[in-house]
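Colleague: I have a structure I would like to understand better, so I am pasting it below and will then ask my questions one at a time.
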Amino acid sequence: MTLGVNIDHIAVLREARKINDPDPLMALAVCAQNGADQITIHLREDRRHIHDEDAQRIIDASPLPVNLECSIDPAIIDIVCSLRPHRATLVPEKREEVTTEGGLDVSGQFESILNAINKLNAHEIEVSLFIDPTIEAVETSERLGAQWVELHTGSYANLYAMRHSALPHSHHAIESLRLPRHELDERIQKAYGDIVDSANLGRSLGLKVAAGHGLNYQNIASIVTIDTIEELNIGQSIIARSVFTGLATAVRDMKKLCQR
């Protein structure tokens with residue numbers, strides 16, 4: 001299973017002080033030398049971390065393919081077309097969210113997404129759609145003509161954290177998830193089953209299947225066993241671990257866990 005390393009959080013750290021350090025560009029060689037198969041970045045409409053010049057420098061310098069996440073806003077799509085990354089992953093955006101929560105509304109935004117896909121494909125950029133793991137979303141993605149789908153694993157990851165950490169006892173816990181362990185186990189199995197079913201359907205329809213959001217060193221073991229998922233995109237947990245181990249070790253450790 002291939003590993004895309006999302007380096008957005010290096011830029012998040014830089015933006016905390018509004019200076020030029022740390023530079024996300026410096027992560028490229030470290031990631032490539034320690035097992036990463038792809039670099040992933042997100043050019044958000046509000047430019048809260050990765051900036052246009054970051055994206056340009058990373059795409060120009062990366063020894064690995066670059067997967068550029070972006071919204072379907074026409075102005076952003078025009079920028080992506082000019083940058084020419086290896087792949088564009090279309091994601092939903094809300095200014096008030098901390099991170100991307102939930103997948104694209106591929107049915108409700110069908111025409112807008114179709115226009116974005118057609119324009120990106122015309123510039124020889126393959127397209128992935130970041131979707132919730134549902135049968136409807138996968139089938140609609142195939143009708144839209146995307147080459148990839150990336151399954152949103154956030155529900156699975158959040159439930160796993162509730163079940164296997166002290167999170168339910170912290171101030172971060174969502175009241176509705178203060179549940180008995182057996183009920184959390186059932187919800188985890190349901191969320192995991194949705195990922196499996198969606199991945200299998202995507203492959204059967206000729207789509208390439210990736211997964212990401214909230215995946216970390218503890219919860220990817222089950223995801224890695226899904227044969228129809230060929231790529232994981234992981235960022236926050238790798239960058240968080242690198243604070244203590246260094247980026248090389250953090251990437252290398254995650255890559256080992258991605259091996260089937």
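Residue numbering restarts at 1 in every chain; chains get A, B, ... in the order shown in the structure tokens, and ligands count up from 1 in that same order.
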Skipping near chain neighbours, those fewer than 3 positions away, what residues fall within 9 Å of Lys255 (chain A) using only C-alpha atoms, listed as a PyMOL selection string?

Modeller: chain A and resi 1-3+34-36+250-252+258-259

Colleague: Pull C-alpha atoms from the residues just selected and write them as a short mmCIF file (atom, residue, chain, number, x, y, z; two decimals), in the first residue's frame.

Modeller:
```cif
data_model
loop_
_atom_site.label_atom_id
_atom_site.label_comp_id
_atom_site.auth_asym_id
_atom_site.auth_seq_id
_atom_site.Cartn_x
_atom_site.Cartn_y
_atom_site.Cartn_z
CA MET A 1 0.00 0.00 0.00
CA THR A 2 1.45 3.36 -0.99
CA LEU A 3 1.81 6.27 1.42
CA ASN A 34 12.28 7.33 4.06
CA GLY A 35 9.56 5.55 2.11
CA ALA A 36 6.91 8.11 1.16
CA ALA A 250 8.09 9.23 11.67
CA VAL A 251 7.72 8.62 7.92
CA ARG A 252 9.68 5.37 8.04
CA CYS A 258 1.43 0.38 5.48
CA GLN A 259 3.03 -2.87 4.33
#
```

Colleague: Can you pull out every residue from region 5-198 of chain A that DSSP, working from the backbone, puts in strand (DSSP E), and format the result as a PyMOL selection string?

Modeller: chain A and resi 5-6+38-42+66-70+87-90+126-131+148-152

Colleague: Can you tell me, as a PyMOL selection string, what residues are no more than 9 Å from Ile239 (chain A) when counting only C-alpha atoms, ignoring any on the same chain fewer than 5 positions away?

Modeller: chain A and resi 6-10+246-247+250-251

Colleague: Go ahead and write the selection's residues with C-alpha atoms as a CSV table (one decimal), in the first residue's frame.

Modeller:
```csv
chain,number,residue,atom,x,y,z
A,6,ASN,CA,0.5,15.4,3.9
A,7,ILE,CA,2.9,18.1,4.9
A,8,ASP,CA,0.3,20.8,5.5
A,9,HIS,CA,1.0,20.8,9.3
A,10,ILE,CA,4.5,22.0,8.7
A,246,GLY,CA,12.3,13.5,13.7
A,247,LEU,CA,10.5,13.4,10.4
A,250,ALA,CA,8.1,9.2,11.7
A,251,VAL,CA,7.7,8.6,7.9
```

Colleague: As an exercise, work out the distance from CA of Asp78 (chain A) to CA of Asn121 (chain A) in Å and give it to one decimal place.

Modeller: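 About the pair CA of Asp78 (chain A) and CA of Asn121 (chain A): they are 12.2 Å apart.
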
Colleague: List every residue of region 123-247 of chain A that DSSP, applied to the backbone of this structure, assigns to alpha helix (DSSP H), and report them as a count of residues only.

Modeller: 61

Colleague: Calculate how many Å separate CA of Arg181 (chain A) from CA of Arg260 (chain A), rounding to one decimal.

Modeller: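 CA of Arg181 (chain A) sits 28.4 Å away from CA of Arg260 (chain A).
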
Colleague: Which residue out of A:Met162, A:Ala157, A:Ile234, A:Ala146 has the minimum interatomic distance to Leu205 (chain A) when only C-alpha atoms are used?

Modeller: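 That would be A:Ala146, the residue with the smallest distance to Leu205 (chain A).
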
Colleague: Could you list, with a cut-off of 10 Å and counting only C-alpha atoms, the residues of region 3-85 of chain A near region 127-141 of chain A, each shown with its nearest atom pair and the distance in Å rounded to one decimal, rows sorted by chain and ascending number, as a tab-separated table?

Modeller:
```
residue	atom	partner	partner_atom	distance
A:Asn67	CA	A:Ser128	CA	9.2
A:Leu68	CA	A:Val127	CA	9.7
A:Glu69	CA	A:Ser128	CA	8.9
```

Colleague: Have a look at CA of Asn118 (chain A) and CA of Glu150 (chain A) and let me know their distance in Å, one decimal.

Modeller: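 The value is 18.4 Å.
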
Colleague: Write out as a list in words the residues lying within 8 Å of region 190-202 of chain A, counting only C-alpha atoms and excluding same-chain residues fewer than 6 positions away.

Modeller: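 Returned residues: Pro133, Thr134, Ile135, Val138, Glu139, Glu142, Val149, Leu151, Thr153, Ser155, Tyr156, Lys208, Val209, Ile223, Ile226, Thr228 and Ile229 of chain A.
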
Colleague: Point out the residue among A:Asn158, A:Gln38, A:Thr245, A:Ser204 with the least atom-to-atom distance to Leu184 (chain A), counting only C-alpha atoms.

Modeller: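 Nearest candidate to Leu184 (chain A) out of A:Asn158, A:Gln38, A:Thr245, A:Ser204: A:Asn158.
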